[in-house]
Amino acid sequence: MIAALLVMIGIAVFLGAVLGFSAIKFKVQGNPLVEKIDAVLPQTQCGQCGFPGCKPYAEALAKGEADINKCPPGGEEGIHKLADLLGKEFIPFGEGAPPKAKSVAFIDESTCIGCTLCIQACPVDAIVGAAKQMHTIIASECTGCELCLAPCPVDCISMLPIAEDITNWKWRYPVFPIQATI
Amino acid sequence: MSNSKIKIEVVYALPHEQTLLKLDVPPASTIADAVKFSGLLEKYPEIDLAKSKFGLFGKLSKADTVLREKDRIEIYRPLIADPKEVRRKRAEEGKVMKKGGGDI
């Protein structure tokens, strides 16, 4: 009888110690879902979602305070990934975030004065240039976030849509009109 | 081994064609070494080690600057427009300059 009690108490103490130890050792810092969402977002930090960056948007998504269709740089593909991750239905871009044609910034070389303001604004280091040197945008790095447009004092940056060709053509999702049958 | 080389990037950007090369160079290489190593001098004859300006991540640097891991060497081209001239022209047109930009 006493032996059985001691065994049970021993097991309880041991398991309690294991649980207590693992609670301290494997403590999760922050919300792991935020990290996962943040990894899906394009990290342009452009603020087009209405939040001051990708991480705040990820936090709002994790709390369920924001819709998944607010990220134009992520494109429809991004919405699909977020929908899968969060177990939500796919929603197309709403009125707040119109689906623009994917475009990259382009600098008009005849007016650029080499002021570096656009370089400081670029969140992805896609602009090559230094003070009083020609600035050029690396098209493959540009995410099309348009953050460089506002700082330019001579308005020499414009957005050029990327022409659709065989390398970036995508199959459009089929749209079936729903008809009521009586 | 990987620690005997440092990873760097060399960029030369033309308006419609940008070259971004990822290179491994020996430690203590300079900007000039990396530009020679990149092969861009042969591809673009207008780049001149003596005359062209170079920089690291938007900061003008001398060609004998020693590189560090993950540096991006940028080869610059001169401006076409004269900043003073552009400013004068805009003033004549009566346009307001955005000082620093951003707010408007």
# chains A, B, ... in the order shown; residues from 1 in each chain; ligands from 1

call {"tool": "select_by_dssp", "arguments": {"residues": "range 47-169 of chain A", "states": "alpha helix (DSSP H)", "output": "PDB file with C-alpha atoms, in the first residue's frame"}}
result
ATOM      1  CA  CYS A  54       4.993  43.660 -43.353  1.00  0.00           C
ATOM      2  CA  LYS A  55       5.434  42.566 -39.728  1.00  0.00           C
ATOM      3  CA  PRO A  56       2.587  44.753 -38.358  1.00  0.00           C
ATOM      4  CA  TYR A  57       0.346  43.434 -41.155  1.00  0.00           C
ATOM      5  CA  ALA A  58       1.352  39.872 -40.215  1.00  0.00           C
ATOM      6  CA  GLU A  59       0.472  40.589 -36.580  1.00  0.00           C
ATOM      7  CA  ALA A  60      -2.917  41.992 -37.584  1.00  0.00           C
ATOM      8  CA  LEU A  61      -3.539  38.932 -39.780  1.00  0.00           C
ATOM      9  CA  ALA A  62      -2.627  36.596 -36.919  1.00  0.00           C
ATOM     10  CA  LYS A  63      -5.129  38.349 -34.673  1.00  0.00           C
ATOM     11  CA  GLY A  75      -0.108  39.421 -55.897  1.00  0.00           C
ATOM     12  CA  GLU A  76      -2.856  36.816 -56.146  1.00  0.00           C
ATOM     13  CA  GLU A  77      -0.279  34.160 -55.408  1.00  0.00           C
ATOM     14  CA  GLY A  78       0.346  35.796 -52.051  1.00  0.00           C
ATOM     15  CA  ILE A  79      -3.358  35.773 -51.214  1.00  0.00           C
ATOM     16  CA  HIS A  80      -3.505  32.068 -52.047  1.00  0.00           C
ATOM     17  CA  LYS A  81      -0.561  31.342 -49.752  1.00  0.00           C
ATOM     18  CA  LEU A  82      -2.091  33.377 -46.921  1.00  0.00           C
ATOM     19  CA  ALA A  83      -5.445  31.646 -47.451  1.00  0.00           C
ATOM     20  CA  ASP A  84      -3.758  28.224 -47.174  1.00  0.00           C
ATOM     21  CA  LEU A  85      -1.771  29.243 -44.103  1.00  0.00           C
ATOM     22  CA  LEU A  86      -4.687  30.760 -42.237  1.00  0.00           C
ATOM     23  CA  LEU A 117      16.627  60.395 -51.981  1.00  0.00           C
ATOM     24  CA  CYS A 118      15.098  57.441 -53.864  1.00  0.00           C
ATOM     25  CA  ILE A 119      17.948  55.171 -52.753  1.00  0.00           C
ATOM     26  CA  GLN A 120      17.209  55.977 -49.128  1.00  0.00           C
ATOM     27  CA  ALA A 121      13.525  55.255 -49.673  1.00  0.00           C
TER      28      ALA A 121
END

call {"tool": "closest_atom_pairs", "arguments": {"of": "chain A", "to": "chain B", "cutoff": "8 Å", "atoms": "only C-alpha atoms", "output": "JSON lines"}}
result
{"residue": "A:Phe106", "atom": "CA", "partner": "B:Pro15", "partner_atom": "CA", "distance": 7.7}
{"residue": "A:Ile107", "atom": "CA", "partner": "B:Pro15", "partner_atom": "CA", "distance": 7.5}
{"residue": "A:Glu109", "atom": "CA", "partner": "B:Ile80", "partner_atom": "CA", "distance": 6.5}
{"residue": "A:Ser110", "atom": "CA", "partner": "B:Ala81", "partner_atom": "CA", "distance": 5.3}
{"residue": "A:Thr111", "atom": "CA", "partner": "B:Ala81", "partner_atom": "CA", "distance": 5.5}
{"residue": "A:Cys112", "atom": "CA", "partner": "B:Ala81", "partner_atom": "CA", "distance": 6.5}
{"residue": "A:Ile113", "atom": "CA", "partner": "B:Pro83", "partner_atom": "CA", "distance": 5.0}
{"residue": "A:Gly114", "atom": "CA", "partner": "B:Leu79", "partner_atom": "CA", "distance": 7.0}
{"residue": "A:Thr116", "atom": "CA", "partner": "B:Gly58", "partner_atom": "CA", "distance": 7.8}
{"residue": "A:Leu117", "atom": "CA", "partner": "B:Gly100", "partner_atom": "CA", "distance": 7.5}
{"residue": "A:Ile119", "atom": "CA", "partner": "B:Gly58", "partner_atom": "CA", "distance": 7.3}
{"residue": "A:Asp125", "atom": "CA", "partner": "B:Phe57", "partner_atom": "CA", "distance": 7.9}
{"residue": "A:Val128", "atom": "CA", "partner": "B:Gly58", "partner_atom": "CA", "distance": 6.5}
{"residue": "A:Gly129", "atom": "CA", "partner": "B:Gly58", "partner_atom": "CA", "distance": 5.3}
{"residue": "A:Ala130", "atom": "CA", "partner": "B:Gly58", "partner_atom": "CA", "distance": 4.6}
{"residue": "A:Ala131", "atom": "CA", "partner": "B:Leu60", "partner_atom": "CA", "distance": 7.5}
{"residue": "A:Lys132", "atom": "CA", "partner": "B:Leu79", "partner_atom": "CA", "distance": 6.8}
{"residue": "A:Gln133", "atom": "CA", "partner": "B:Pro78", "partner_atom": "CA", "distance": 5.2}
{"residue": "A:Met134", "atom": "CA", "partner": "B:Leu79", "partner_atom": "CA", "distance": 4.8}
{"residue": "A:His135", "atom": "CA", "partner": "B:Tyr76", "partner_atom": "CA", "distance": 8.0}
{"residue": "A:Thr136", "atom": "CA", "partner": "B:Ala13", "partner_atom": "CA", "distance": 6.0}
{"residue": "A:Ile137", "atom": "CA", "partner": "B:Pro15", "partner_atom": "CA", "distance": 7.4}
{"residue": "A:Ile138", "atom": "CA", "partner": "B:Gln18", "partner_atom": "CA", "distance": 5.8}
{"residue": "A:Ala139", "atom": "CA", "partner": "B:Gln18", "partner_atom": "CA", "distance": 7.4}
{"residue": "A:Ala150", "atom": "CA", "partner": "B:Gly102", "partner_atom": "CA", "distance": 5.0}
{"residue": "A:Pro151", "atom": "CA", "partner": "B:Gly101", "partner_atom": "CA", "distance": 4.4}
{"residue": "A:Cys152", "atom": "CA", "partner": "B:Gly101", "partner_atom": "CA", "distance": 6.2}
{"residue": "A:Pro153", "atom": "CA", "partner": "B:Lys98", "partner_atom": "CA", "distance": 5.4}
{"residue": "A:Val154", "atom": "CA", "partner": "B:Met97", "partner_atom": "CA", "distance": 7.8}

call {"tool": "write_last_selection", "arguments": {"atoms": "N, CA and C atoms", "output": "compact mmCIF listing (two decimals), in the first residue's frame"}}
result
# COMPACT_ATOMS: atom_id res chain seq x y z
N PHE A 106 11.19 53.07 -63.10
CA PHE A 106 12.18 53.37 -64.13
C PHE A 106 12.58 54.83 -64.00
N ILE A 107 13.90 55.07 -64.06
CA ILE A 107 14.39 56.43 -63.88
C ILE A 107 14.67 57.07 -65.23
N GLU A 109 16.75 59.18 -67.22
CA GLU A 109 18.14 59.57 -67.00
C GLU A 109 18.40 61.02 -67.35
N SER A 110 17.57 61.61 -68.23
CA SER A 110 17.86 62.97 -68.65
C SER A 110 17.47 63.98 -67.57
N THR A 111 16.69 63.56 -66.55
CA THR A 111 16.35 64.52 -65.51
C THR A 111 16.91 64.15 -64.14
N CYS A 112 17.42 62.93 -63.97
CA CYS A 112 17.93 62.53 -62.65
C CYS A 112 19.11 63.41 -62.25
N ILE A 113 19.06 63.95 -61.03
CA ILE A 113 20.14 64.83 -60.57
C ILE A 113 21.04 64.15 -59.55
N GLY A 114 20.82 62.86 -59.32
CA GLY A 114 21.72 62.12 -58.43
C GLY A 114 21.63 62.54 -56.97
N THR A 116 20.09 60.90 -54.42
CA THR A 116 20.06 59.72 -53.54
C THR A 116 18.81 59.60 -52.66
N LEU A 117 17.82 60.49 -52.84
CA LEU A 117 16.63 60.39 -51.98
C LEU A 117 15.85 59.10 -52.25
N ILE A 119 17.17 56.31 -53.26
CA ILE A 119 17.95 55.17 -52.75
C ILE A 119 17.64 54.96 -51.28
N ASP A 125 16.87 47.84 -51.63
CA ASP A 125 18.17 48.15 -52.24
C ASP A 125 18.20 47.87 -53.73
N VAL A 128 20.73 51.45 -57.81
CA VAL A 128 22.18 51.62 -57.81
C VAL A 128 22.47 53.09 -58.03
N GLY A 129 23.32 53.67 -57.20
CA GLY A 129 23.66 55.07 -57.41
C GLY A 129 24.25 55.67 -56.16
N ALA A 130 24.89 56.80 -56.31
CA ALA A 130 25.46 57.52 -55.18
C ALA A 130 25.31 59.01 -55.47
N ALA A 131 25.74 59.83 -54.52
CA ALA A 131 25.57 61.27 -54.67
C ALA A 131 26.20 61.75 -55.97
N LYS A 132 25.44 62.47 -56.77
CA LYS A 132 25.88 63.05 -58.06
C LYS A 132 26.33 61.99 -59.06
N GLN A 133 25.84 60.76 -58.90
CA GLN A 133 26.07 59.73 -59.91
C GLN A 133 24.69 59.30 -60.42
N MET A 134 24.68 58.76 -61.64
CA MET A 134 23.41 58.33 -62.21
C MET A 134 22.79 57.23 -61.36
N HIS A 135 21.50 57.37 -61.10
CA HIS A 135 20.79 56.32 -60.37
C HIS A 135 20.10 55.41 -61.37
N THR A 136 20.16 54.12 -61.11
CA THR A 136 19.53 53.15 -62.00
C THR A 136 18.83 52.09 -61.16
N ILE A 137 17.67 51.68 -61.63
CA ILE A 137 16.91 50.68 -60.90
C ILE A 137 17.19 49.29 -61.45
N ILE A 138 17.52 48.37 -60.58
CA ILE A 138 17.72 46.98 -60.99
C ILE A 138 16.33 46.35 -61.09
N ALA A 139 15.88 46.15 -62.31
CA ALA A 139 14.48 45.73 -62.51
C ALA A 139 14.18 44.41 -61.81
N ALA A 150 7.57 59.26 -54.42
CA ALA A 150 7.30 60.48 -53.67
C ALA A 150 8.55 61.28 -53.34
N PRO A 151 9.66 60.66 -52.92
CA PRO A 151 10.80 61.48 -52.52
C PRO A 151 11.50 62.19 -53.67
N CYS A 152 11.34 61.75 -54.93
CA CYS A 152 12.12 62.31 -56.03
C CYS A 152 11.79 63.78 -56.23
N PRO A 153 12.77 64.68 -56.11
CA PRO A 153 12.47 66.12 -56.23
C PRO A 153 12.24 66.56 -57.67
N VAL A 154 12.66 65.76 -58.64
CA VAL A 154 12.48 66.17 -60.03
C VAL A 154 11.50 65.26 -60.77

call {"tool": "atom_distance", "arguments": {"atom1": "CA of Asp71 in chain B", "atom2": "CA of Ile8 in chain B"}}
result
5.1 Å
